[in-house]
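Student: For reference, the structure I am asking about is given below.
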Amino acid sequence: MADRPGPLDGVTVLDLTEHIAGPYCTKLFADFGADVIKVEPPGGDPSRSVGPWHQGVSGPERSGTFFYFNTNKRSLVIDIDRADSRPVMERLIERADLVIESQPAGRLDSLGFGWEQISSRRDDLPMVSITPFGHDSPYRDYRVSDLVLYGFAGEMYSIGVQDREPVKMYGTASLVECGAAAATAAMGALTSAELQGVAQHVDFAMADAQFNGVDRRHAATIGWEYAGRKSLRAPGPAAGMLSGVYPCADGYVEFSGAAIRIPRLDEMLGSPEWLQDEQWWRPGAGMNPELVEEFNARFLPWALERTKREIWAAAREAKVLCGPLFSVDELFEDTHFSDRGFWAAVDHEAVGQVQIPGRPFMMPASPWSIRRPPPRLGEHTDEVLTECSFATSEIESLRATGVLGE
């Protein structure tokens, strides 16, 4: 818990997002102090039905996915497909400083809550729409998953060994990346509205975020567009001397282009006699397939006699680019993270105390903090509607008619 308000304290975000990309975007706002009002459909955000499950028991309040991506938010349930939900949505829109949504392209327009309808009522209210391909794309009605997104717009074609299928990044990394990029776009829209009085509609396409993201994608795209060059997965030795993942005594380590600087590599290995042969020191030797195979045959016994931390320490000392591949348990127990206070404890009545990844970056003067756990489904419905000037009798009437999904 922080003693000072976060940098977005006083900002109200109307959150109409679901699953992962949109909720991560709004989570960043919530964790840095914004009041994020999460509108969930009857039954809840679909991520409530996605594991991992606390202690292996499923349930809408036990999803690890929902838990992480929805800290500090308030939840109310509204069946926005119903025409009689419009007065509720209109009041929520009136009190918002920013609207972020991830509904299928055109859905909110058909319900009367799209950009044109919102801007006609509030010309000072920015809106961010997160969709797989954008509202104007020929693919606008296509659905997407992390696998499809990374295959369509990421680097999947160049990752993996050449004689096997390409592989994607683990888990939902692409969707999380998109959420972070969308948060940056949303901050731009919010800042513009506050400083210039100009409300903008940000049509955020996740595919564009992946095309223009890190991990060589923009360079590979430009290479294909202008030169017809396609990055391929390198077969075995073609990856270069000491490049890639190698086994060691207690797992795996990864090196990147170590042979580019042979003196450093020589220092890391303790200047073995065999590495003093001039063949290893000639320019281009690190990409000679025969030499790479011979090097690997000599290097592997050295690696298998050492732990990943021992190899990592030797590499750092010699300034060789290397990193251990830690399991989740090893990451959690690593003193680098614990000493920096990275992990955050969150208490939730359904699952008890849970440790989750904490702040994505540090802002000492206006800190990140966990003010409340992820909300139970509809936990704040009455609270938020009361703040929107609905009388108790009106809330009861909305609930009786099914607008509140009950």
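Labeling convention for the structure tokens: chains A, B, ... as they appear, residues from 1 per chain, ligands from 1 in order of appearance.
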Neighbouring residues of Pro41 (chain A) were defined as those with any atom within 8 Å, considering only C-alpha atoms; residues of the same chain fewer than 2 positions away were excluded. Please report them as a PDB file with N, CA, C and O atoms, in the first residue's frame.

Tutor:
ATOM      1  N   VAL A  39     -17.167  -2.590 -16.446  1.00  0.00           N
ATOM      2  CA  VAL A  39     -18.519  -3.046 -16.773  1.00  0.00           C
ATOM      3  C   VAL A  39     -18.424  -4.478 -17.284  1.00  0.00           C
ATOM      4  O   VAL A  39     -17.802  -4.734 -18.325  1.00  0.00           O
ATOM      5  N   GLY A  43     -22.605 -12.969 -16.111  1.00  0.00           N
ATOM      6  CA  GLY A  43     -21.664 -14.088 -16.180  1.00  0.00           C
ATOM      7  C   GLY A  43     -20.225 -13.655 -16.045  1.00  0.00           C
ATOM      8  O   GLY A  43     -19.345 -14.469 -15.770  1.00  0.00           O
ATOM      9  N   GLY A  44     -19.969 -12.355 -16.276  1.00  0.00           N
ATOM     10  CA  GLY A  44     -18.632 -11.817 -16.044  1.00  0.00           C
ATOM     11  C   GLY A  44     -17.719 -11.806 -17.247  1.00  0.00           C
ATOM     12  O   GLY A  44     -18.020 -12.366 -18.308  1.00  0.00           O
ATOM     13  N   ASP A  45     -16.599 -11.138 -17.076  1.00  0.00           N
ATOM     14  CA  ASP A  45     -15.527 -11.124 -18.069  1.00  0.00           C
ATOM     15  C   ASP A  45     -15.165 -12.578 -18.389  1.00  0.00           C
ATOM     16  O   ASP A  45     -14.972 -13.386 -17.476  1.00  0.00           O
ATOM     17  N   VAL A  77     -22.144  -5.169 -12.985  1.00  0.00           N
ATOM     18  CA  VAL A  77     -22.689  -5.999 -14.058  1.00  0.00           C
ATOM     19  C   VAL A  77     -23.832  -5.252 -14.727  1.00  0.00           C
ATOM     20  O   VAL A  77     -24.767  -4.806 -14.063  1.00  0.00           O
ATOM     21  N   ILE A  78     -23.723  -5.108 -16.058  1.00  0.00           N
ATOM     22  CA  ILE A  78     -24.785  -4.483 -16.849  1.00  0.00           C
ATOM     23  C   ILE A  78     -24.948  -5.290 -18.127  1.00  0.00           C
ATOM     24  O   ILE A  78     -23.959  -5.604 -18.803  1.00  0.00           O
ATOM     25  N   ASP A  79     -26.168  -5.622 -18.454  1.00  0.00           N
ATOM     26  CA  ASP A  79     -26.458  -6.290 -19.718  1.00  0.00           C
ATOM     27  C   ASP A  79     -26.634  -5.201 -20.771  1.00  0.00           C
ATOM     28  O   ASP A  79     -27.732  -4.721 -21.018  1.00  0.00           O
ATOM     29  N   ILE A  80     -25.519  -4.794 -21.398  1.00  0.00           N
ATOM     30  CA  ILE A  80     -25.570  -3.663 -22.317  1.00  0.00           C
ATOM     31  C   ILE A  80     -26.324  -3.979 -23.603  1.00  0.00           C
ATOM     32  O   ILE A  80     -26.631  -3.071 -24.381  1.00  0.00           O
ATOM     33  N   GLY A 405     -28.302  -7.847 -14.846  1.00  0.00           N
ATOM     34  CA  GLY A 405     -27.922  -9.240 -15.070  1.00  0.00           C
ATOM     35  C   GLY A 405     -28.370 -10.201 -14.017  1.00  0.00           C
ATOM     36  O   GLY A 405     -27.839 -11.307 -13.923  1.00  0.00           O
TER      37      GLY A 405
END

Student: If you count only C-alpha atoms, which residues fall within 9 Å of Leu125 (chain A), apart from same-chain ones fewer than 3 positions away, as a list in words?

Tutor: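 Skipping anything fewer than 3 positions along the chain leaves Ile93, Glu94, Ala96, Asp97, Leu98, Val99, Ile118, Ser119, Arg121, Arg122, Leu190, Ala193, Val198, Ala199, Gln200 and His201 of chain A.
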
Student: Taking only C-alpha atoms into account, name the residue in A:Leu175, A:Val50, A:Leu76, A:Val354 that is nearest to Val88 (chain A).

Tutor: A:Leu76

Student: With DSSP run on the backbone, what are the strand (DSSP E) residues within region 50-281 of chain A? I'd like them as an MDAnalysis selection string.

Tutor: chainID A and resid 73:77 98:101 127:131 201:205 244:248 251:255

Student: Write the residues of the preceding selection, restricted to N, CA, C and O atoms, as a short mmCIF file (atom, residue, chain, number, x, y, z; two decimals), in the first residue's frame.

Tutor:
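File out_34.cif, as written:
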data_model
loop_
_atom_site.label_atom_id
_atom_site.label_comp_id
_atom_site.auth_asym_id
_atom_site.auth_seq_id
_atom_site.Cartn_x
_atom_site.Cartn_y
_atom_site.Cartn_z
N LYS A 73 -9.63 -2.49 -9.60
CA LYS A 73 -10.81 -2.06 -10.35
C LYS A 73 -12.09 -2.29 -9.53
O LYS A 73 -12.10 -3.06 -8.57
N ARG A 74 -13.15 -1.62 -9.94
CA ARG A 74 -14.47 -1.86 -9.37
C ARG A 74 -15.35 -2.49 -10.45
O ARG A 74 -15.29 -2.10 -11.61
N SER A 75 -16.14 -3.47 -10.05
CA SER A 75 -16.96 -4.23 -11.01
C SER A 75 -18.44 -3.95 -10.81
O SER A 75 -18.95 -3.97 -9.69
N LEU A 76 -19.11 -3.68 -11.93
CA LEU A 76 -20.57 -3.70 -11.91
C LEU A 76 -21.04 -4.48 -13.13
O LEU A 76 -20.38 -4.48 -14.18
N VAL A 77 -22.14 -5.17 -12.98
CA VAL A 77 -22.69 -6.00 -14.06
C VAL A 77 -23.83 -5.25 -14.73
O VAL A 77 -24.77 -4.81 -14.06
N LEU A 98 -12.28 8.98 -19.46
CA LEU A 98 -11.72 8.18 -20.54
C LEU A 98 -12.52 6.90 -20.67
O LEU A 98 -12.88 6.31 -19.65
N VAL A 99 -12.83 6.51 -21.91
CA VAL A 99 -13.50 5.24 -22.17
C VAL A 99 -12.54 4.33 -22.91
O VAL A 99 -11.94 4.73 -23.92
N ILE A 100 -12.38 3.11 -22.41
CA ILE A 100 -11.53 2.11 -23.08
C ILE A 100 -12.38 0.87 -23.29
O ILE A 100 -12.97 0.35 -22.34
N GLU A 101 -12.45 0.41 -24.54
CA GLU A 101 -13.29 -0.75 -24.85
C GLU A 101 -12.58 -1.71 -25.79
O GLU A 101 -11.69 -1.31 -26.55
N MET A 127 -11.79 8.25 -26.32
CA MET A 127 -12.18 6.84 -26.33
C MET A 127 -11.12 6.02 -27.05
O MET A 127 -10.58 6.43 -28.09
N VAL A 128 -10.78 4.88 -26.48
CA VAL A 128 -9.81 3.96 -27.08
C VAL A 128 -10.53 2.65 -27.38
O VAL A 128 -11.13 2.04 -26.49
N SER A 129 -10.48 2.23 -28.64
CA SER A 129 -11.10 0.97 -29.06
C SER A 129 -10.00 -0.01 -29.41
O SER A 129 -9.21 0.22 -30.33
N ILE A 130 -9.93 -1.12 -28.67
CA ILE A 130 -8.90 -2.15 -28.88
C ILE A 130 -9.55 -3.33 -29.60
O ILE A 130 -10.43 -4.00 -29.06
N THR A 131 -9.14 -3.57 -30.84
CA THR A 131 -9.65 -4.70 -31.62
C THR A 131 -8.49 -5.43 -32.26
O THR A 131 -7.38 -4.90 -32.36
N HIS A 201 -10.67 9.66 -30.84
CA HIS A 201 -10.97 8.24 -30.86
C HIS A 201 -9.74 7.50 -31.35
O HIS A 201 -9.31 7.66 -32.50
N VAL A 202 -9.15 6.70 -30.48
CA VAL A 202 -7.96 5.92 -30.83
C VAL A 202 -8.41 4.55 -31.30
O VAL A 202 -8.91 3.75 -30.50
N ASP A 203 -8.27 4.28 -32.58
CA ASP A 203 -8.63 2.98 -33.16
C ASP A 203 -7.38 2.11 -33.09
O ASP A 203 -6.54 2.14 -33.99
N PHE A 204 -7.25 1.36 -32.01
CA PHE A 204 -6.03 0.61 -31.72
C PHE A 204 -6.15 -0.82 -32.24
O PHE A 204 -6.95 -1.61 -31.74
N ALA A 205 -5.35 -1.16 -33.25
CA ALA A 205 -5.33 -2.50 -33.81
C ALA A 205 -4.17 -3.29 -33.20
O ALA A 205 -3.01 -2.89 -33.30
N GLY A 244 22.22 -19.30 -28.76
CA GLY A 244 21.06 -20.14 -28.53
C GLY A 244 21.03 -20.70 -27.12
O GLY A 244 21.73 -20.22 -26.22
N VAL A 245 20.23 -21.73 -26.95
CA VAL A 245 20.00 -22.32 -25.62
C VAL A 245 20.86 -23.57 -25.46
O VAL A 245 20.90 -24.42 -26.35
N TYR A 246 21.51 -23.67 -24.32
CA TYR A 246 22.41 -24.79 -24.04
C TYR A 246 22.07 -25.41 -22.68
O TYR A 246 21.73 -24.69 -21.73
N PRO A 247 22.18 -26.74 -22.57
CA PRO A 247 21.93 -27.39 -21.27
C PRO A 247 23.10 -27.16 -20.33
O PRO A 247 24.24 -26.96 -20.76
N CYS A 248 22.80 -27.20 -19.05
CA CYS A 248 23.85 -27.10 -18.04
C CYS A 248 23.49 -28.04 -16.88
O CYS A 248 22.56 -28.85 -17.02
N GLY A 251 19.73 -27.12 -15.60
CA GLY A 251 18.71 -26.54 -16.48
C GLY A 251 19.30 -26.06 -17.79
O GLY A 251 20.03 -26.80 -18.46
N TYR A 252 19.03 -24.81 -18.11
CA TYR A 252 19.47 -24.27 -19.40
C TYR A 252 19.91 -22.82 -19.25
O TYR A 252 19.43 -22.08 -18.38
N VAL A 253 20.83 -22.43 -20.13
CA VAL A 253 21.24 -21.03 -20.25
C VAL A 253 21.17 -20.64 -21.72
O VAL A 253 21.20 -21.51 -22.61
N GLU A 254 21.09 -19.35 -21.97
CA GLU A 254 21.03 -18.87 -23.35
C GLU A 254 22.13 -17.86 -23.59
O GLU A 254 22.37 -16.97 -22.77
N PHE A 255 22.80 -18.00 -24.74
CA PHE A 255 23.84 -17.06 -25.16
C PHE A 255 23.40 -16.38 -26.45
O PHE A 255 22.61 -16.92 -27.23
#

Student: Report the closest atom pair, with its distance in Å rounded to one decimal, for each residue of region 34-129 of chain A that has an atom no farther than 8 Å from region 385-392 of chain A; count only C-alpha atoms, sort by chain and then rising residue number, and write it as JSON lines.

Tutor:
{"residue": "A:Val88", "atom": "CA", "partner": "A:Leu385", "partner_atom": "CA", "distance": 7.9}
{"residue": "A:Arg91", "atom": "CA", "partner": "A:Cys388", "partner_atom": "CA", "distance": 6.1}
{"residue": "A:Leu92", "atom": "CA", "partner": "A:Cys388", "partner_atom": "CA", "distance": 6.8}
{"residue": "A:Arg95", "atom": "CA", "partner": "A:Cys388", "partner_atom": "CA", "distance": 7.6}

Student: With C-alpha atoms retained, write the just-selected residues as a short mmCIF file (atom, residue, chain, number, x, y, z; two decimals), in the first residue's frame.

Tutor:
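selection_33.cif, written as the output of this step:
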data_model
loop_
_atom_site.label_atom_id
_atom_site.label_comp_id
_atom_site.auth_asym_id
_atom_site.auth_seq_id
_atom_site.Cartn_x
_atom_site.Cartn_y
_atom_site.Cartn_z
CA VAL A 88 -27.24 3.49 -16.92
CA ARG A 91 -24.67 8.21 -16.66
CA LEU A 92 -21.48 6.17 -16.53
CA ARG A 95 -18.80 10.79 -15.17
#

Student: DSSP says helix (DSSP H, G or I) for which residues of region 200-348 of chain A? Put them as an NGL selection string?

Tutor: :A and (206-211 or 217-227 or 236-239 or 258-268 or 273-276 or 278-280 or 285-287 or 289-304 or 308-318 or 328-333 or 335-339)

Student: Output as JSON lines one row per residue of region 151-269 of chain A within 10 Å of region 316-320 of chain A: the closest atom pair and its distance in Å to one decimal place, counting only C-alpha atoms, sorted by chain and residue number ascending.

Tutor:
{"residue": "A:Phe255", "atom": "CA", "partner": "A:Val320", "partner_atom": "CA", "distance": 8.0}
{"residue": "A:Ser256", "atom": "CA", "partner": "A:Val320", "partner_atom": "CA", "distance": 8.3}
{"residue": "A:Gly257", "atom": "CA", "partner": "A:Val320", "partner_atom": "CA", "distance": 8.7}
{"residue": "A:Ala258", "atom": "CA", "partner": "A:Val320", "partner_atom": "CA", "distance": 6.1}
{"residue": "A:Ala259", "atom": "CA", "partner": "A:Val320", "partner_atom": "CA", "distance": 9.2}
{"residue": "A:Ile260", "atom": "CA", "partner": "A:Val320", "partner_atom": "CA", "distance": 9.7}
{"residue": "A:Arg261", "atom": "CA", "partner": "A:Val320", "partner_atom": "CA", "distance": 8.2}
{"residue": "A:Ile262", "atom": "CA", "partner": "A:Val320", "partner_atom": "CA", "distance": 9.6}
{"residue": "A:Pro263", "atom": "CA", "partner": "A:Ala318", "partner_atom": "CA", "distance": 8.8}
{"residue": "A:Arg264", "atom": "CA", "partner": "A:Ala318", "partner_atom": "CA", "distance": 5.3}
{"residue": "A:Leu265", "atom": "CA", "partner": "A:Val320", "partner_atom": "CA", "distance": 6.6}
{"residue": "A:Asp266", "atom": "CA", "partner": "A:Ala318", "partner_atom": "CA", "distance": 8.6}
{"residue": "A:Glu267", "atom": "CA", "partner": "A:Ala318", "partner_atom": "CA", "distance": 5.9}
{"residue": "A:Met268", "atom": "CA", "partner": "A:Ala318", "partner_atom": "CA", "distance": 5.4}
{"residue": "A:Leu269", "atom": "CA", "partner": "A:Ala318", "partner_atom": "CA", "distance": 9.1}

Student: Filtering to C-alpha atoms, could you give me those residues as a PDB file, in the first residue's frame?

Tutor:
ATOM      1  CA  PHE A 255      23.837 -17.065 -25.161  1.00  0.00           C
ATOM      2  CA  SER A 256      23.649 -14.475 -27.907  1.00  0.00           C
ATOM      3  CA  GLY A 257      26.454 -13.980 -30.423  1.00  0.00           C
ATOM      4  CA  ALA A 258      29.225 -14.758 -27.949  1.00  0.00           C
ATOM      5  CA  ALA A 259      31.777 -15.539 -30.685  1.00  0.00           C
ATOM      6  CA  ILE A 260      31.649 -11.946 -31.921  1.00  0.00           C
ATOM      7  CA  ARG A 261      34.092 -11.111 -29.121  1.00  0.00           C
ATOM      8  CA  ILE A 262      36.407 -14.113 -28.796  1.00  0.00           C
ATOM      9  CA  PRO A 263      38.630 -12.528 -26.096  1.00  0.00           C
ATOM     10  CA  ARG A 264      35.601 -12.289 -23.779  1.00  0.00           C
ATOM     11  CA  LEU A 265      34.567 -15.836 -24.567  1.00  0.00           C
ATOM     12  CA  ASP A 266      38.117 -17.004 -23.912  1.00  0.00           C
ATOM     13  CA  GLU A 267      38.067 -15.271 -20.516  1.00  0.00           C
ATOM     14  CA  MET A 268      34.723 -16.830 -19.590  1.00  0.00           C
ATOM     15  CA  LEU A 269      35.978 -20.335 -20.348  1.00  0.00           C
TER      16      LEU A 269
END

Student: Can you work out the spacing between CA of Gly286 (chain A) and CA of Ile159 (chain A) in Å, to one decimal?

Tutor: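 Answer for the CA of Gly286 (chain A) to CA of Ile159 (chain A) separation: 20.4 Å.
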
Student: List every residue of region 197-306 of chain A that has an atom at most 8 Å from any atom of region 141-157 of chain A, and for each one report the closest atom pair and its distance in Å to one decimal, counting only C-alpha atoms, with rows sorted by chain and then by increasing residue number, as JSON lines.

Tutor:
{"residue": "A:Met206", "atom": "CA", "partner": "A:Leu149", "partner_atom": "CA", "distance": 7.8}
{"residue": "A:Ala207", "atom": "CA", "partner": "A:Ala153", "partner_atom": "CA", "distance": 5.6}
{"residue": "A:Asp208", "atom": "CA", "partner": "A:Ala153", "partner_atom": "CA", "distance": 7.5}
{"residue": "A:Gln210", "atom": "CA", "partner": "A:Ala153", "partner_atom": "CA", "distance": 5.4}
{"residue": "A:Phe211", "atom": "CA", "partner": "A:Ala153", "partner_atom": "CA", "distance": 5.0}
{"residue": "A:Asp215", "atom": "CA", "partner": "A:Glu155", "partner_atom": "CA", "distance": 7.1}
{"residue": "A:Arg216", "atom": "CA", "partner": "A:Glu155", "partner_atom": "CA", "distance": 7.3}
{"residue": "A:Arg217", "atom": "CA", "partner": "A:Glu155", "partner_atom": "CA", "distance": 6.0}
{"residue": "A:Ser231", "atom": "CA", "partner": "A:Tyr157", "partner_atom": "CA", "distance": 7.7}
{"residue": "A:Leu232", "atom": "CA", "partner": "A:Tyr157", "partner_atom": "CA", "distance": 6.9}
{"residue": "A:Arg233", "atom": "CA", "partner": "A:Tyr157", "partner_atom": "CA", "distance": 7.2}

Student: Neighbours of region 360-362 of chain A within 10 Å (only C-alpha atoms; same-chain residues fewer than 3 positions away dropped), as JSON, numbers by chain?

Tutor: {"A": [28, 31, 342, 357, 365, 366, 367, 368]}

Student: Could those residues be written to a file, using all heavy atoms, as a tab-separated table (two decimals), in the first residue's frame?

Tutor:
chain	number	residue	atom	x	y	z
A	28	LEU	N	-3.14	-1.06	-15.84
A	28	LEU	CA	-2.06	-0.09	-15.66
A	28	LEU	C	-2.61	1.24	-15.16
A	28	LEU	O	-2.01	1.91	-14.31
A	28	LEU	CB	-1.30	0.09	-16.98
A	28	LEU	CG	-0.47	-1.12	-17.42
A	28	LEU	CD1	0.10	-0.90	-18.81
A	28	LEU	CD2	0.66	-1.39	-16.43
A	31	ASP	N	-3.73	0.55	-11.40
A	31	ASP	CA	-2.63	0.36	-10.46
A	31	ASP	C	-1.86	1.65	-10.21
A	31	ASP	O	-1.15	1.77	-9.22
A	31	ASP	CB	-1.68	-0.73	-10.97
A	31	ASP	CG	-2.30	-2.12	-10.89
A	31	ASP	OD1	-3.41	-2.24	-10.33
A	31	ASP	OD2	-1.69	-3.08	-11.40
A	342	PHE	N	9.74	-6.45	-5.66
A	342	PHE	CA	8.94	-6.56	-6.88
A	342	PHE	C	7.59	-7.24	-6.65
A	342	PHE	O	6.58	-6.85	-7.23
A	342	PHE	CB	9.73	-7.32	-7.95
A	342	PHE	CG	8.95	-7.60	-9.20
A	342	PHE	CD1	8.57	-6.57	-10.05
A	342	PHE	CD2	8.56	-8.89	-9.54
A	342	PHE	CE1	7.84	-6.82	-11.21
A	342	PHE	CE2	7.84	-9.15	-10.68
A	342	PHE	CZ	7.48	-8.10	-11.52
A	357	PRO	N	3.16	-10.41	-9.56
A	357	PRO	CA	4.14	-9.42	-10.02
A	357	PRO	C	3.66	-8.01	-9.69
A	357	PRO	O	2.50	-7.68	-9.87
A	357	PRO	CB	4.21	-9.66	-11.53
A	357	PRO	CG	3.80	-11.08	-11.70
A	357	PRO	CD	2.75	-11.31	-10.65
A	365	ALA	N	7.85	9.53	-6.68
A	365	ALA	CA	7.07	10.67	-6.22
A	365	ALA	C	5.57	10.43	-6.31
A	365	ALA	O	4.78	11.10	-5.65
A	365	ALA	CB	7.45	11.92	-7.02
A	366	SER	N	5.17	9.49	-7.15
A	366	SER	CA	3.73	9.21	-7.31
A	366	SER	C	3.58	7.72	-7.61
A	366	SER	O	3.50	7.30	-8.75
A	366	SER	CB	3.14	10.04	-8.44
A	366	SER	OG	3.92	9.96	-9.61
A	367	PRO	N	3.57	6.91	-6.57
A	367	PRO	CA	3.83	5.47	-6.72
A	367	PRO	C	2.67	4.62	-7.22
A	367	PRO	O	1.51	5.02	-7.18
A	367	PRO	CB	4.18	5.06	-5.28
A	367	PRO	CG	3.39	6.02	-4.44
A	367	PRO	CD	3.44	7.33	-5.17
A	368	TRP	N	3.05	3.45	-7.66
A	368	TRP	CA	2.15	2.33	-7.98
A	368	TRP	C	1.74	1.70	-6.65
A	368	TRP	O	2.53	1.64	-5.71
A	368	TRP	CB	2.94	1.34	-8.83
A	368	TRP	CG	2.27	0.06	-9.20
A	368	TRP	CD1	1.69	-0.23	-10.40
A	368	TRP	CD2	2.16	-1.14	-8.40
A	368	TRP	NE1	1.23	-1.52	-10.39
A	368	TRP	CE2	1.50	-2.10	-9.18
A	368	TRP	CE3	2.55	-1.48	-7.11
A	368	TRP	CZ2	1.22	-3.38	-8.72
A	368	TRP	CZ3	2.27	-2.74	-6.64
A	368	TRP	CH2	1.61	-3.68	-7.44

Student: In terms of the shortest atom-to-atom distance over only C-alpha atoms, which of A:Phe133, A:Phe32, A:Trp224, A:Trp312 is closest to Gly10 (chain A)?

Tutor: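 With only C-alpha atoms as the atom set, the closest residue is A:Phe32.
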
Student: Extract, using only C-alpha atoms, all DNA, RNA and protein residues at most 10 Å from Ala21 (chain A), discarding same-chain residues fewer than 4 positions from it, and format them as a list in words.

Tutor: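 Near neighbours after the sequence-gap exclusion: Thr17, Cys25, Thr26, Lys27, Phe69, Ser102, Ile130, Thr131, Pro132, Asp146, Thr172, Ala173, Ser174, Leu175, Val176, Glu177, Cys178, Gly179, Ala180, Ala181, Ala182, Ala183 and Met206 of chain A.
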
Student: Can you write just those residues out, N, CA, C and O atoms, as a short mmCIF file (atom, residue, chain, number, x, y, z; two decimals), in the first residue's frame?

Tutor:
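Contents of part.cif, freshly written:
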data_model
loop_
_atom_site.label_atom_id
_atom_site.label_comp_id
_atom_site.auth_asym_id
_atom_site.auth_seq_id
_atom_site.Cartn_x
_atom_site.Cartn_y
_atom_site.Cartn_z
N THR A 17 -13.63 -3.45 -21.45
CA THR A 17 -12.73 -4.42 -22.06
C THR A 17 -12.92 -5.79 -21.46
O THR A 17 -13.47 -5.94 -20.36
N CYS A 25 -4.39 -3.14 -20.22
CA CYS A 25 -4.34 -1.71 -20.46
C CYS A 25 -4.98 -0.95 -19.30
O CYS A 25 -4.38 -0.04 -18.72
N THR A 26 -6.20 -1.35 -18.93
CA THR A 26 -6.89 -0.64 -17.85
C THR A 26 -6.30 -0.95 -16.48
O THR A 26 -6.39 -0.13 -15.56
N LYS A 27 -5.68 -2.11 -16.33
CA LYS A 27 -4.99 -2.43 -15.07
C LYS A 27 -3.87 -1.43 -14.80
O LYS A 27 -3.68 -0.98 -13.66
N PHE A 69 -5.05 -9.46 -13.94
CA PHE A 69 -5.34 -8.37 -14.88
C PHE A 69 -6.41 -7.40 -14.40
O PHE A 69 -6.75 -6.46 -15.14
N SER A 102 -12.98 -2.98 -25.71
CA SER A 102 -12.39 -4.00 -26.59
C SER A 102 -13.48 -4.89 -27.17
O SER A 102 -13.26 -6.08 -27.39
N ILE A 130 -9.93 -1.12 -28.67
CA ILE A 130 -8.90 -2.15 -28.88
C ILE A 130 -9.55 -3.33 -29.60
O ILE A 130 -10.43 -4.00 -29.06
N THR A 131 -9.14 -3.57 -30.84
CA THR A 131 -9.65 -4.70 -31.62
C THR A 131 -8.49 -5.43 -32.26
O THR A 131 -7.38 -4.90 -32.36
N PRO A 132 -8.71 -6.65 -32.73
CA PRO A 132 -7.61 -7.40 -33.34
C PRO A 132 -6.98 -6.70 -34.54
O PRO A 132 -5.75 -6.64 -34.66
N ASP A 146 -3.89 -15.38 -29.05
CA ASP A 146 -2.47 -15.04 -28.95
C ASP A 146 -1.67 -15.74 -30.04
O ASP A 146 -0.78 -15.14 -30.64
N THR A 172 0.43 -15.71 -22.96
CA THR A 172 -0.32 -14.65 -23.63
C THR A 172 0.53 -13.40 -23.78
O THR A 172 0.04 -12.28 -23.71
N ALA A 173 1.83 -13.59 -24.01
CA ALA A 173 2.75 -12.46 -24.06
C ALA A 173 2.36 -11.43 -25.11
O ALA A 173 2.47 -10.22 -24.88
N SER A 174 1.90 -11.88 -26.28
CA SER A 174 1.53 -10.94 -27.33
C SER A 174 0.37 -10.06 -26.90
O SER A 174 0.34 -8.85 -27.18
N LEU A 175 -0.61 -10.65 -26.24
CA LEU A 175 -1.77 -9.88 -25.79
C LEU A 175 -1.37 -8.88 -24.71
O LEU A 175 -1.88 -7.75 -24.68
N VAL A 176 -0.47 -9.28 -23.83
CA VAL A 176 -0.01 -8.36 -22.79
C VAL A 176 0.76 -7.20 -23.42
O VAL A 176 0.60 -6.04 -23.03
N GLU A 177 1.61 -7.50 -24.40
CA GLU A 177 2.31 -6.43 -25.11
C GLU A 177 1.33 -5.44 -25.72
O GLU A 177 1.52 -4.22 -25.63
N CYS A 178 0.27 -5.95 -26.31
CA CYS A 178 -0.74 -5.07 -26.92
C CYS A 178 -1.41 -4.21 -25.86
O CYS A 178 -1.68 -3.03 -26.09
N GLY A 179 -1.69 -4.78 -24.70
CA GLY A 179 -2.29 -4.01 -23.63
C GLY A 179 -1.40 -2.87 -23.17
O GLY A 179 -1.88 -1.76 -22.92
N ALA A 180 -0.10 -3.14 -23.06
CA ALA A 180 0.84 -2.09 -22.66
C ALA A 180 0.90 -0.98 -23.70
O ALA A 180 0.91 0.22 -23.37
N ALA A 181 0.93 -1.36 -24.98
CA ALA A 181 0.96 -0.35 -26.05
C ALA A 181 -0.33 0.45 -26.07
O ALA A 181 -0.32 1.67 -26.28
N ALA A 182 -1.46 -0.21 -25.84
CA ALA A 182 -2.74 0.49 -25.82
C ALA A 182 -2.80 1.48 -24.67
O ALA A 182 -3.40 2.56 -24.80
N ALA A 183 -2.19 1.15 -23.54
CA ALA A 183 -2.16 2.07 -22.40
C ALA A 183 -1.39 3.33 -22.76
O ALA A 183 -1.77 4.44 -22.35
N MET A 206 -4.49 -4.41 -32.58
CA MET A 206 -3.45 -5.21 -31.95
C MET A 206 -2.45 -5.73 -32.98
O MET A 206 -1.25 -5.83 -32.69
#

Student: Quick one: residues within 10 Å of Arg107 (chain A), only C-alpha atoms counted, chain neighbours fewer than 6 positions away excluded, as a VMD selection string?

Tutor: chain A and resid 81 113 to 114

Student: Excluding Glu293 (chain A) and residues on its chain fewer than 2 positions from it, collect all residues at most 10 Å away from it, counting only C-alpha atoms, and give them as a list in words.

Tutor: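 The residues that qualify are Gly236, Pro237, Ala238, Gly240, Met241, Leu242, Asn288, Pro289, Glu290, Leu291, Phe295, Asn296, Ala297, Arg298 and Phe299 of chain A.
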